[in-house]
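Visitor: Before anything else, here's the structure in question.
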Amino acid sequence: MRETMDEAIELEKLPIFRNVPTEQLEPLRRSATRLTFMGGAGIFRQGDIPQFLYIVESGGVDIVLPAVGDDIIAATFEAGSFFGELGVFDNQPRTATARATGETHLILVPLATVAELIENHPPAARQFMSVVIERLRRADEMLSRLQIRNINEVADEKMTFGEHVADMVARFGGSWTFIIWFGVFLLAWMAVNTAIILAAPPDPFPYIFLNLILSCLAALQAPVIMMSQNRQAAKDRLQADQDYRVNIKAEFAIQQLHRKIDEMRANLAHLRK
């Protein structure tokens, strides 16, 4: 991270301050600083006390939520975007971590200066709130179009021929169709191998050859069914892991939307007064 002050900070060219009179931006311009972050560098961490509103001049920033396993990227901001604006309203600890995706130039504006601008200049406050509202609309549209691929379809595409056979054997062996047909086969075998129908049956009572067939069938069927059950257990673990990740993302997105909407309503009510 390094600070650069060789160029004037032109806040009026940024979307967040567009249409705001230049004289109203002078306090922000005087207090703002420009910092450069290398790729992977942390800008702030979850739990930090907010101090600045961050404006991305160039490069990109990922907003990351720490989670078990891989971190969850909640949002990505590029040139012209801003983040960390919630600290203007509540001054609560940061709820996520911000990291630079590459060499990134940021403009840091003290939150106290931004809060003063919003409080004393309603047109600037309306412009600030309009940009926040537009971001919420884009987030809502993204959530409405979110598509999550079925983990069962992904697992089925990677199945081998042996796994397909194991599933079919387990599916047929655990059905009433198998029970009925196997019962018919046993009755037919015992009926044919009786002295009533044949004078010299090939497998007379106690049906030793039939017992051998049943033993071989059970010896082969059991491991095949276990193979299918193990694969299904692996699919269940993948499904549970995916459900956990999706629930975390959905809960985070809903909480963020509710909180920002409540803050916007409070500020709009304050501006109307």
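Ordered as shown in the structure tokens, chains take letters A, B, and onward, while each chain numbers its residues from 1 and ligands are numbered from 1 in the order shown.
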What's around stretch 37-43 of chain A at 12 Å? Count only C-alpha atoms, leave out sequence neighbours fewer than 4 positions away in its own chain, and write the answer as a PyMOL selection string.

Guide: chain A and resi 1-4+48+50-64+83-84+94+96-108

Visitor: Could you give me the residues within stretch 145-230 of chain A that DSSP places in helix (DSSP H, G or I), as a PyMOL selection string?

Guide: chain A and resi 151-157+161-173+176-192+208-230

Visitor: Do you have the atom CA of A:Pro201-atom CA of A:Ala218 distance handy?

Guide: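 Between atom CA of A:Pro201 and atom CA of A:Ala218 the gap works out to 24.8 Å.
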
Visitor: Could you please determine the separation between atom CA of A:Gln221 and atom CA of A:Phe178 in Å, to one decimal place?

Guide: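 These atoms are spaced 12.5 Å apart.
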
Visitor: Would you mind telling me which residue in A:Ala200, A:Leu217, A:Ile254, A:Leu238 lies nearest to A:Phe182 when using only C-alpha atoms?

Guide: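 Ranked by minimum distance to A:Phe182, first place goes to A:Leu217.
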
Visitor: Using only C-alpha atoms, which of the listed residues (A:Pro223, A:Thr194, A:Ile179, A:Gly47) sits closest to A:Pro206?

Guide: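 Distance minimum relative to A:Pro206 lands on A:Thr194.
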
Visitor: Quick one: DSSP strand (DSSP E or B) residues in stretch 40-74 of chain A, as a VMD selection string?

Guide: chain A and resid 42 to 44 52 to 58 60 to 65 72 to 74
